[in-house]
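Q: Structure supplied as structure_22.csv; contents: CSV, C-alpha atoms.
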```csv
chain,number,residue,atom,x,y,z
A,9,MET,CA,-48.1,126.1,-37.5
A,10,ALA,CA,-47.6,124.2,-40.7
A,11,GLY,CA,-50.1,123.3,-43.3
A,12,ALA,CA,-51.3,126.2,-45.4
A,13,ALA,CA,-54.9,127.4,-45.2
A,14,SER,CA,-56.7,128.3,-48.4
A,15,PRO,CA,-58.6,131.6,-48.6
A,16,ASP,CA,-61.7,129.9,-47.3
A,17,GLY,CA,-59.8,128.6,-44.3
A,18,VAL,CA,-59.7,124.9,-45.3
A,19,PHE,CA,-56.4,123.3,-44.5
A,20,ALA,CA,-55.2,122.0,-47.9
A,21,PRO,CA,-52.4,119.9,-49.2
A,22,ALA,CA,-49.7,121.3,-51.4
A,23,LYS,CA,-51.8,120.6,-54.5
A,24,ASP,CA,-55.5,119.9,-54.6
A,25,LYS,CA,-56.0,117.4,-57.4
A,26,VAL,CA,-56.2,113.6,-57.1
A,27,GLY,CA,-52.7,112.2,-57.4
A,28,ALA,CA,-51.0,115.5,-56.6
A,29,THR,CA,-49.7,114.2,-53.2
A,30,SER,CA,-47.6,111.1,-52.9
A,31,PRO,CA,-49.6,108.0,-52.0
A,32,PRO,CA,-48.7,106.0,-48.9
A,33,SER,CA,-46.0,103.4,-48.9
A,34,GLY,CA,-47.5,100.2,-50.4
A,35,VAL,CA,-50.4,102.0,-52.1
A,36,GLY,CA,-50.2,102.4,-55.8
A,37,PRO,CA,-50.3,105.9,-57.4
A,38,VAL,CA,-53.4,107.1,-59.1
A,39,THR,CA,-52.7,106.0,-62.7
A,40,THR,CA,-54.1,107.2,-66.0
A,41,THR,CA,-56.5,104.3,-66.0
A,42,ASP,CA,-57.7,105.3,-62.5
A,43,ARG,CA,-58.4,108.8,-63.8
A,44,VAL,CA,-60.4,107.5,-66.8
A,45,GLU,CA,-62.4,105.0,-64.7
A,46,LEU,CA,-63.1,107.5,-61.9
A,47,SER,CA,-63.8,110.3,-64.4
A,48,GLY,CA,-66.3,112.6,-62.7
A,49,LEU,CA,-65.2,111.6,-59.3
A,50,ALA,CA,-61.5,112.3,-60.0
A,51,GLN,CA,-62.4,115.8,-61.3
A,52,ALA,CA,-64.5,116.5,-58.3
A,53,LEU,CA,-62.0,115.5,-55.7
A,54,THR,CA,-60.0,118.5,-54.5
A,55,GLY,CA,-58.4,119.7,-51.2
A,56,GLN,CA,-58.6,117.4,-48.2
A,57,ALA,CA,-61.0,115.0,-49.9
A,58,ALA,CA,-58.3,114.5,-52.6
A,59,ALA,CA,-55.6,114.1,-49.9
A,60,PHE,CA,-57.7,111.5,-48.1
A,61,PHE,CA,-58.3,109.6,-51.4
A,62,ASN,CA,-54.6,109.5,-52.0
A,63,GLN,CA,-54.2,107.6,-48.7
A,64,MET,CA,-56.7,104.9,-49.8
A,65,ASP,CA,-55.3,101.6,-51.0
A,66,GLU,CA,-56.3,99.9,-54.2
A,67,LYS,CA,-59.1,97.9,-52.5
A,68,GLU,CA,-60.6,101.0,-50.9
A,69,ARG,CA,-60.4,102.9,-54.1
A,70,GLY,CA,-62.0,100.0,-56.0
A,71,THR,CA,-64.9,99.8,-53.6
A,72,LEU,CA,-65.5,103.6,-54.0
A,73,GLU,CA,-65.3,103.3,-57.7
A,74,THR,CA,-67.8,100.4,-57.8
A,75,LEU,CA,-70.3,102.3,-55.6
A,76,VAL,CA,-70.1,105.4,-57.8
A,77,LYS,CA,-70.3,103.4,-61.1
A,78,SER,CA,-73.3,101.4,-59.8
A,79,GLY,CA,-75.1,104.5,-58.8
A,80,LYS,CA,-75.4,103.4,-55.2
A,81,VAL,CA,-73.4,106.5,-54.2
A,82,SER,CA,-73.4,109.9,-56.0
A,83,VAL,CA,-70.2,111.6,-56.9
A,84,ASP,CA,-71.3,114.4,-54.5
A,85,ASP,CA,-71.7,112.0,-51.6
A,86,ALA,CA,-68.4,110.3,-52.4
A,87,VAL,CA,-66.6,113.6,-52.3
A,88,LYS,CA,-68.4,114.9,-49.2
A,89,GLY,CA,-67.9,111.6,-47.4
A,90,LEU,CA,-64.1,111.6,-48.0
A,91,GLN,CA,-64.1,115.3,-46.9
A,92,PHE,CA,-65.8,114.3,-43.7
A,93,TRP,CA,-63.2,111.7,-42.9
A,94,ALA,CA,-60.4,114.1,-43.7
A,95,ASP,CA,-61.9,116.7,-41.4
A,96,GLU,CA,-62.7,114.3,-38.6
A,97,VAL,CA,-59.3,112.6,-38.7
A,98,THR,CA,-57.5,116.0,-38.9
A,99,PHE,CA,-59.4,117.3,-35.9
A,100,THR,CA,-58.7,114.2,-33.8
A,101,LYS,CA,-55.0,114.3,-34.7
A,102,ALA,CA,-54.9,117.9,-33.8
A,103,MET,CA,-56.1,117.0,-30.3
A,104,THR,CA,-53.0,114.8,-29.9
A,105,LEU,CA,-50.8,117.7,-30.8
A,106,VAL,CA,-52.1,119.9,-28.0
A,107,ALA,CA,-49.5,119.8,-25.3
A,108,PRO,CA,-50.8,118.3,-22.0
A,109,THR,CA,-50.6,120.3,-18.9
A,110,ALA,CA,-48.4,119.2,-16.0
A,111,GLN,CA,-51.5,118.2,-14.2
A,112,GLU,CA,-52.7,116.0,-17.1
A,113,THR,CA,-49.2,114.4,-17.3
A,114,ASP,CA,-49.4,113.6,-13.7
A,115,GLN,CA,-53.0,112.2,-14.1
A,116,ALA,CA,-51.9,110.0,-16.9
A,117,ARG,CA,-49.1,108.6,-14.8
A,118,GLN,CA,-51.6,108.0,-12.0
A,119,ARG,CA,-53.9,106.2,-14.4
A,120,ASP,CA,-51.1,104.0,-15.6
A,121,ASP,CA,-50.0,103.2,-12.0
A,122,SER,CA,-53.6,102.5,-11.1
A,123,GLN,CA,-54.1,100.1,-14.0
A,124,ALA,CA,-50.9,98.3,-13.2
A,125,ALA,CA,-51.9,98.0,-9.5
A,126,PHE,CA,-55.4,96.6,-10.5
A,127,ALA,CA,-53.8,94.1,-12.8
A,128,ALA,CA,-51.5,92.8,-10.0
A,129,ASP,CA,-54.4,92.8,-7.5
A,130,PHE,CA,-56.7,90.9,-9.8
A,131,GLN,CA,-54.0,88.3,-10.6
A,132,GLU,CA,-53.6,87.8,-6.8
A,133,PHE,CA,-57.4,87.5,-6.4
A,134,ALA,CA,-57.7,85.0,-9.2
A,135,ALA,CA,-55.0,82.8,-7.7
A,136,ILE,CA,-56.6,82.9,-4.3
A,137,SER,CA,-60.0,82.2,-5.8
A,138,ARG,CA,-58.7,79.0,-7.3
A,139,GLU,CA,-57.2,78.0,-4.0
A,140,ASN,CA,-60.4,78.8,-2.2
A,141,GLU,CA,-62.4,76.6,-4.6
A,142,ALA,CA,-59.9,73.8,-4.1
A,143,ARG,CA,-60.2,74.0,-0.3
A,144,SER,CA,-64.0,74.2,-0.4
A,145,GLU,CA,-64.0,71.0,-2.5
A,146,GLU,CA,-61.6,69.4,-0.1
A,147,TYR,CA,-63.8,70.3,2.9
A,148,LEU,CA,-67.0,69.0,1.3
A,149,LYS,CA,-65.4,65.7,0.4
A,150,ALA,CA,-64.2,65.3,4.0
A,151,VAL,CA,-67.7,66.0,5.3
A,152,GLU,CA,-69.5,63.7,2.8
A,153,SER,CA,-67.1,60.8,3.1
A,154,GLY,CA,-66.8,60.9,6.9
A,155,SER,CA,-63.2,60.2,6.5
A,156,GLY,CA,-60.2,62.4,7.0
A,157,ASP,CA,-59.7,65.3,9.3
A,158,VAL,CA,-62.8,67.4,8.9
A,159,ALA,CA,-61.6,69.9,11.4
A,160,ALA,CA,-58.3,70.4,9.7
A,161,ALA,CA,-60.0,70.8,6.3
A,162,ARG,CA,-62.3,73.4,7.8
A,163,GLU,CA,-59.4,75.3,9.3
A,164,ARG,CA,-57.6,75.4,5.9
A,165,LEU,CA,-60.8,76.6,4.2
A,166,ASP,CA,-61.3,79.3,6.8
A,167,GLU,CA,-57.8,80.5,6.4
A,168,VAL,CA,-58.0,80.8,2.6
A,169,SER,CA,-61.5,82.2,2.7
A,170,ALA,CA,-60.2,85.1,4.9
A,171,ARG,CA,-57.4,85.8,2.3
A,172,TYR,CA,-60.0,85.5,-0.5
A,173,ARG,CA,-62.2,88.3,1.1
A,174,GLN,CA,-59.1,90.5,1.6
A,175,ALA,CA,-58.0,90.0,-2.0
A,176,SER,CA,-61.5,90.7,-3.3
A,177,ALA,CA,-61.7,93.9,-1.3
A,178,LYS,CA,-58.3,95.0,-2.5
A,179,ALA,CA,-59.1,94.3,-6.1
A,180,ARG,CA,-62.4,96.3,-5.9
A,181,GLN,CA,-60.5,99.2,-4.3
A,182,SER,CA,-57.8,99.3,-7.0
A,183,ASN,CA,-60.5,99.0,-9.7
A,184,ALA,CA,-62.3,102.0,-8.3
A,185,ALA,CA,-59.1,104.0,-8.3
A,186,ILE,CA,-59.0,103.5,-12.1
A,187,GLY,CA,-62.4,105.1,-12.4
A,188,ASP,CA,-61.2,108.1,-10.4
A,189,THR,CA,-58.3,108.7,-12.7
A,190,GLY,CA,-60.5,108.2,-15.7
A,191,LEU,CA,-62.7,111.2,-14.7
A,192,ALA,CA,-59.6,113.3,-14.5
A,193,ILE,CA,-58.4,112.1,-18.0
A,194,GLN,CA,-61.8,113.0,-19.4
A,195,ASP,CA,-61.4,116.5,-18.2
A,196,GLY,CA,-58.1,116.7,-20.1
A,197,PHE,CA,-59.8,115.3,-23.2
A,198,GLN,CA,-62.5,118.1,-23.0
A,199,ARG,CA,-59.8,120.7,-22.6
A,200,ARG,CA,-57.9,119.6,-25.7
A,201,PHE,CA,-61.2,119.3,-27.7
A,202,GLN,CA,-62.1,122.9,-26.8
A,203,ALA,CA,-58.5,124.1,-27.6
A,204,VAL,CA,-58.7,122.6,-31.1
A,205,ALA,CA,-62.3,123.8,-31.7
A,206,ASP,CA,-61.3,127.4,-30.7
A,207,ALA,CA,-58.2,127.3,-32.9
A,208,LYS,CA,-60.2,125.9,-35.9
A,209,ALA,CA,-62.9,128.6,-35.5
A,210,ALA,CA,-60.2,131.3,-35.1
A,211,SER,CA,-58.6,130.2,-38.4
A,212,GLY,CA,-61.7,131.2,-40.3
A,213,HIS,CA,-62.6,127.6,-41.2
A,214,PRO,CA,-66.1,127.5,-42.8
A,215,ASP,CA,-67.2,124.8,-40.3
A,216,GLY,CA,-66.3,127.0,-37.4
A,217,GLY,CA,-65.1,125.0,-34.4
A,218,ALA,CA,-67.0,121.8,-35.3
A,219,PRO,CA,-64.9,118.7,-36.0
A,220,ALA,CA,-66.7,118.3,-39.3
A,221,ASN,CA,-69.5,119.6,-41.5
A,222,ALA,CA,-73.0,118.1,-40.8
A,223,ASP,CA,-73.8,117.7,-44.5
A,224,ASN,CA,-70.5,115.9,-45.0
A,225,LYS,CA,-71.2,113.7,-42.0
A,226,ALA,CA,-74.6,112.7,-43.6
A,227,ALA,CA,-72.9,111.9,-46.9
A,228,ALA,CA,-70.3,109.8,-45.0
A,229,ASP,CA,-73.2,107.9,-43.4
A,230,ARG,CA,-74.8,107.2,-46.8
A,231,LEU,CA,-71.4,106.1,-48.0
A,232,ALA,CA,-71.1,103.7,-45.0
A,233,ALA,CA,-74.6,102.4,-45.6
A,234,ALA,CA,-73.6,101.6,-49.2
A,235,GLY,CA,-70.5,99.6,-48.1
A,236,LEU,CA,-67.6,102.0,-47.4
A,237,GLY,CA,-67.6,103.0,-43.7
A,238,GLN,CA,-65.3,103.7,-40.8
A,239,LEU,CA,-64.0,100.2,-40.4
A,240,ASP,CA,-63.6,99.8,-44.2
A,241,LEU,CA,-61.5,103.0,-44.2
A,242,LYS,CA,-59.5,102.1,-41.0
A,243,GLU,CA,-56.1,101.9,-42.7
A,244,ALA,CA,-56.8,105.0,-44.9
A,245,ARG,CA,-57.7,106.9,-41.8
A,246,ARG,CA,-54.6,105.8,-40.0
A,247,ARG,CA,-52.4,106.7,-42.9
A,248,PHE,CA,-54.1,110.1,-43.3
A,249,ALA,CA,-53.6,110.8,-39.6
A,250,ALA,CA,-49.9,110.0,-39.9
A,251,SER,CA,-49.6,112.5,-42.7
A,252,VAL,CA,-50.8,115.3,-40.4
A,253,THR,CA,-47.6,116.1,-38.5
A,254,ASP,CA,-48.1,119.8,-37.6
A,255,PHE,CA,-51.0,121.5,-35.9
A,256,PRO,CA,-53.4,122.2,-38.8
A,257,TYR,CA,-55.4,125.3,-37.7
```
Produce structure tokens that represent the structure in this file.

A:
Amino acid sequence: MAGAASPDGVFAPAKDKVGATSPPSGVGPVTTTDRVELSGLAQALTGQAAAFFNQMDEKERGTLETLVKSGKVSVDDAVKGLQFWADEVTFTKAMTLVAPTAQETDQARQRDDSQAAFAADFQEFAAISRENEARSEEYLKAVESGSGDVAAARERLDEVSARYRQASAKARQSNAAIGDTGLAIQDGFQRRFQAVADAKAASGHPDGGAPANADNKAAADRLAAAGLGQLDLKEARRRFAASVTDFPY
């Protein structure tokens, strides 16, 4: 397992100060100007919070800086908020690094097959629905106008209506099959979650097996309310997740 743990059990980057790790491609380094402008925040950012900050682009850093400078967010909340996202993303990424069981692999294949089957069945149903609508209109026009072969129009409508009912039943059945595989996949998700939680707790992490610290989560919520939330940090979270390549606990 790569990723050294500090004495308190927190998975830390090679260095724990802002700018110590390389920023993501396309994201500028933390410059001297950044350090001066962020002042207290830059000094407070260490460990995983600093590593997450290093994955933020110029716009994200600028938003954080503005919130801190304006007093809308305290330095403490800024640090704890970034720590929360680092912990949450690390935990989630760790779940993807837990090898699936043979049963889960088979269930995933069944899910993919079921989804493909439903897509095909639904396309067939949609096509027959359009045909059924056209035949219904044809029959009604024949009845209302009193011209044309009403019996023949009715026969064509009955034929397509029978196929419509069959296609509808088939689509419902294949859709239900997706739900069955979904329950099995959920079981696999819970197994991986528990495996990561157990490993995190066993590593001596101060948060135990929880994905993240509750106080840090509250700080992240305040940070989001001020204007820097999950969606705003989408790309930073993606880049940070990509930086976690080995099981961290």

Q: Show me, as a short mmCIF file (atom, residue, chain, number, x, y, z; two decimals) with C-alpha atoms, in the frame of the given file, the residues that have an atom within 12 Å of A:Gln181 when counting all atoms listed in the file, minus same-chain residues fewer than 3 positions from it.

A:
```cif
data_model
loop_
_atom_site.label_atom_id
_atom_site.label_comp_id
_atom_site.auth_asym_id
_atom_site.auth_seq_id
_atom_site.Cartn_x
_atom_site.Cartn_y
_atom_site.Cartn_z
CA SER A 122 -53.60 102.50 -11.10
CA GLN A 123 -54.10 100.10 -14.00
CA ALA A 125 -51.90 98.00 -9.50
CA PHE A 126 -55.40 96.60 -10.50
CA ALA A 127 -53.80 94.10 -12.80
CA ASP A 129 -54.40 92.80 -7.50
CA PHE A 130 -56.70 90.90 -9.80
CA GLN A 174 -59.10 90.50 1.60
CA ALA A 175 -58.00 90.00 -2.00
CA SER A 176 -61.50 90.70 -3.30
CA ALA A 177 -61.70 93.90 -1.30
CA LYS A 178 -58.30 95.00 -2.50
CA ALA A 184 -62.30 102.00 -8.30
CA ALA A 185 -59.10 104.00 -8.30
CA ILE A 186 -59.00 103.50 -12.10
CA GLY A 187 -62.40 105.10 -12.40
CA ASP A 188 -61.20 108.10 -10.40
#
```

Q: Go ahead and compute the interatomic distance for atom CA of A:Phe60 and atom CA of A:Arg245, in Å to one decimal.

A: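 Between atom CA of A:Phe60 and atom CA of A:Arg245 the gap works out to 7.8 Å.
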
Q: Given the choices A:Arg247, A:Arg164, A:Arg180, A:Lys80, which gets closest to A:Asn62 if the distance is worked out from all atoms listed in the file?

A: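 Nearest to A:Asn62: A:Arg247.
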
Q: Out of A:Ala50, A:Ala205, A:Glu66, A:Asp95, which residue has the shortest atom-to-atom distance to A:Lys225 when counting only C-alpha atoms?

A: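 When distances to A:Lys225 are compared using only C-alpha atoms, the smallest one comes from A:Asp95.
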
Q: How close does stretch 52-131 of chain A get to stretch 200-203 of chain A? List, as JSON lines, each residue of stretch 52-131 of chain A within 9 Å, its nearest atom pair and the distance in Å to one decimal, counting all atoms listed in the file.

A:
```
{"residue": "A:Phe99", "atom": "CA", "partner": "A:Phe201", "partner_atom": "CA", "distance": 8.6}
{"residue": "A:Thr100", "atom": "CA", "partner": "A:Phe201", "partner_atom": "CA", "distance": 8.3}
{"residue": "A:Ala102", "atom": "CA", "partner": "A:Arg200", "partner_atom": "CA", "distance": 8.8}
{"residue": "A:Met103", "atom": "CA", "partner": "A:Arg200", "partner_atom": "CA", "distance": 5.6}
{"residue": "A:Thr104", "atom": "CA", "partner": "A:Arg200", "partner_atom": "CA", "distance": 8.0}
{"residue": "A:Leu105", "atom": "CA", "partner": "A:Arg200", "partner_atom": "CA", "distance": 8.9}
{"residue": "A:Val106", "atom": "CA", "partner": "A:Arg200", "partner_atom": "CA", "distance": 6.2}
{"residue": "A:Ala107", "atom": "CA", "partner": "A:Arg200", "partner_atom": "CA", "distance": 8.4}
{"residue": "A:Pro108", "atom": "CA", "partner": "A:Arg200", "partner_atom": "CA", "distance": 8.1}
```

Q: I'd like the interatomic distance between atom CA of A:Glu139 and atom CA of A:Leu165, to a tenth of an Å.

A: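 According to the coordinates, atom CA of A:Glu139 and atom CA of A:Leu165 are separated by 9.1 Å.
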
Q: So what do you get for atom CA of A:Gln118 versus atom CA of A:Ser182, distance-wise?

A: 11.8 Å

Q: Could you list, as a list in words, every residue within 12 Å of A:Thr109, counting all atoms listed in the file and ignoring same-chain residues fewer than 3 positions away?

A: Val106, Glu112, Thr113, Asp114, Gln115, Ala116, Ile193, Asp195, Gly196, Phe197, Arg199 and Arg200 of chain A

Q: Would you kindly return, as a list in words, each protein, DNA or RNA residue with an atom no farther than 12 Å from any atom of A:Gly235, considering all atoms listed in the file and excluding same-chain residues fewer than 5 positions away?

A: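 Counting all atoms listed in the file, the residues come to Glu68, Gly70, Thr71, Leu72, Glu73, Thr74, Leu75, Val76, Lys80, Val81, Ala86, Ala228, Asp229, Arg230, Asp240 and Leu241 of chain A.
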
Q: Emit stretch 159-222 of chain A of the structure in the block as a file comprising C-alpha atoms, as a CSV table (one decimal), in the first residue's frame.

A:
```
chain,number,residue,atom,x,y,z
A,159,ALA,CA,-62.8,-3.8,-42.1
A,160,ALA,CA,-59.3,-3.9,-43.6
A,161,ALA,CA,-58.2,-0.8,-41.5
A,162,ARG,CA,-59.5,-2.5,-38.4
A,163,GLU,CA,-57.6,-5.7,-39.2
A,164,ARG,CA,-54.4,-3.8,-39.6
A,165,LEU,CA,-55.0,-1.9,-36.3
A,166,ASP,CA,-55.7,-5.2,-34.5
A,167,GLU,CA,-52.5,-6.7,-35.8
A,168,VAL,CA,-50.3,-3.9,-34.8
A,169,SER,CA,-52.1,-3.5,-31.4
A,170,ALA,CA,-51.3,-7.1,-30.6
A,171,ARG,CA,-47.6,-6.5,-31.4
A,172,TYR,CA,-47.8,-3.3,-29.3
A,173,ARG,CA,-49.0,-5.1,-26.2
A,174,GLN,CA,-46.3,-7.8,-26.7
A,175,ALA,CA,-43.6,-5.2,-27.1
A,176,SER,CA,-44.8,-3.3,-24.1
A,177,ALA,CA,-44.8,-6.4,-21.9
A,178,LYS,CA,-41.3,-7.3,-23.1
A,179,ALA,CA,-39.9,-3.8,-22.3
A,180,ARG,CA,-41.4,-3.8,-18.8
A,181,GLN,CA,-39.9,-7.2,-18.2
A,182,SER,CA,-36.4,-6.2,-19.3
A,183,ASN,CA,-36.7,-3.0,-17.3
A,184,ALA,CA,-37.5,-5.0,-14.2
A,185,ALA,CA,-34.4,-7.1,-14.8
A,186,ILE,CA,-32.3,-4.0,-14.5
A,187,GLY,CA,-33.7,-3.4,-11.1
A,188,ASP,CA,-32.8,-6.9,-10.0
A,189,THR,CA,-29.2,-6.5,-11.0
A,190,GLY,CA,-29.2,-3.0,-9.4
A,191,LEU,CA,-29.9,-4.6,-6.0
A,192,ALA,CA,-27.0,-7.0,-6.5
A,193,ILE,CA,-24.7,-4.1,-7.4
A,194,GLN,CA,-25.7,-2.3,-4.3
A,195,ASP,CA,-24.6,-5.2,-2.2
A,196,GLY,CA,-21.2,-5.0,-3.8
A,197,PHE,CA,-21.1,-1.2,-3.1
A,198,GLN,CA,-21.8,-1.9,0.6
A,199,ARG,CA,-19.1,-4.5,0.7
A,200,ARG,CA,-16.4,-2.2,-0.7
A,201,PHE,CA,-17.5,0.6,1.6
A,202,GLN,CA,-17.1,-1.6,4.6
A,203,ALA,CA,-13.8,-2.9,3.4
A,204,VAL,CA,-12.4,0.7,3.1
A,205,ALA,CA,-13.9,1.7,6.4
A,206,ASP,CA,-12.3,-1.2,8.1
A,207,ALA,CA,-8.9,-0.5,6.5
A,208,LYS,CA,-9.1,3.2,7.4
A,209,ALA,CA,-10.0,2.4,11.0
A,210,ALA,CA,-7.2,-0.2,11.3
A,211,SER,CA,-4.7,2.3,10.0
A,212,GLY,CA,-5.2,4.4,13.1
A,213,HIS,CA,-6.8,7.3,11.3
A,214,PRO,CA,-8.3,9.8,13.8
A,215,ASP,CA,-11.6,9.7,12.0
A,216,GLY,CA,-11.8,5.9,12.5
A,217,GLY,CA,-13.7,4.3,9.6
A,218,ALA,CA,-15.8,7.3,8.7
A,219,PRO,CA,-15.4,8.7,5.2
A,220,ALA,CA,-14.7,12.2,6.7
A,221,ASN,CA,-14.7,14.1,9.9
A,222,ALA,CA,-18.1,15.6,10.9
```
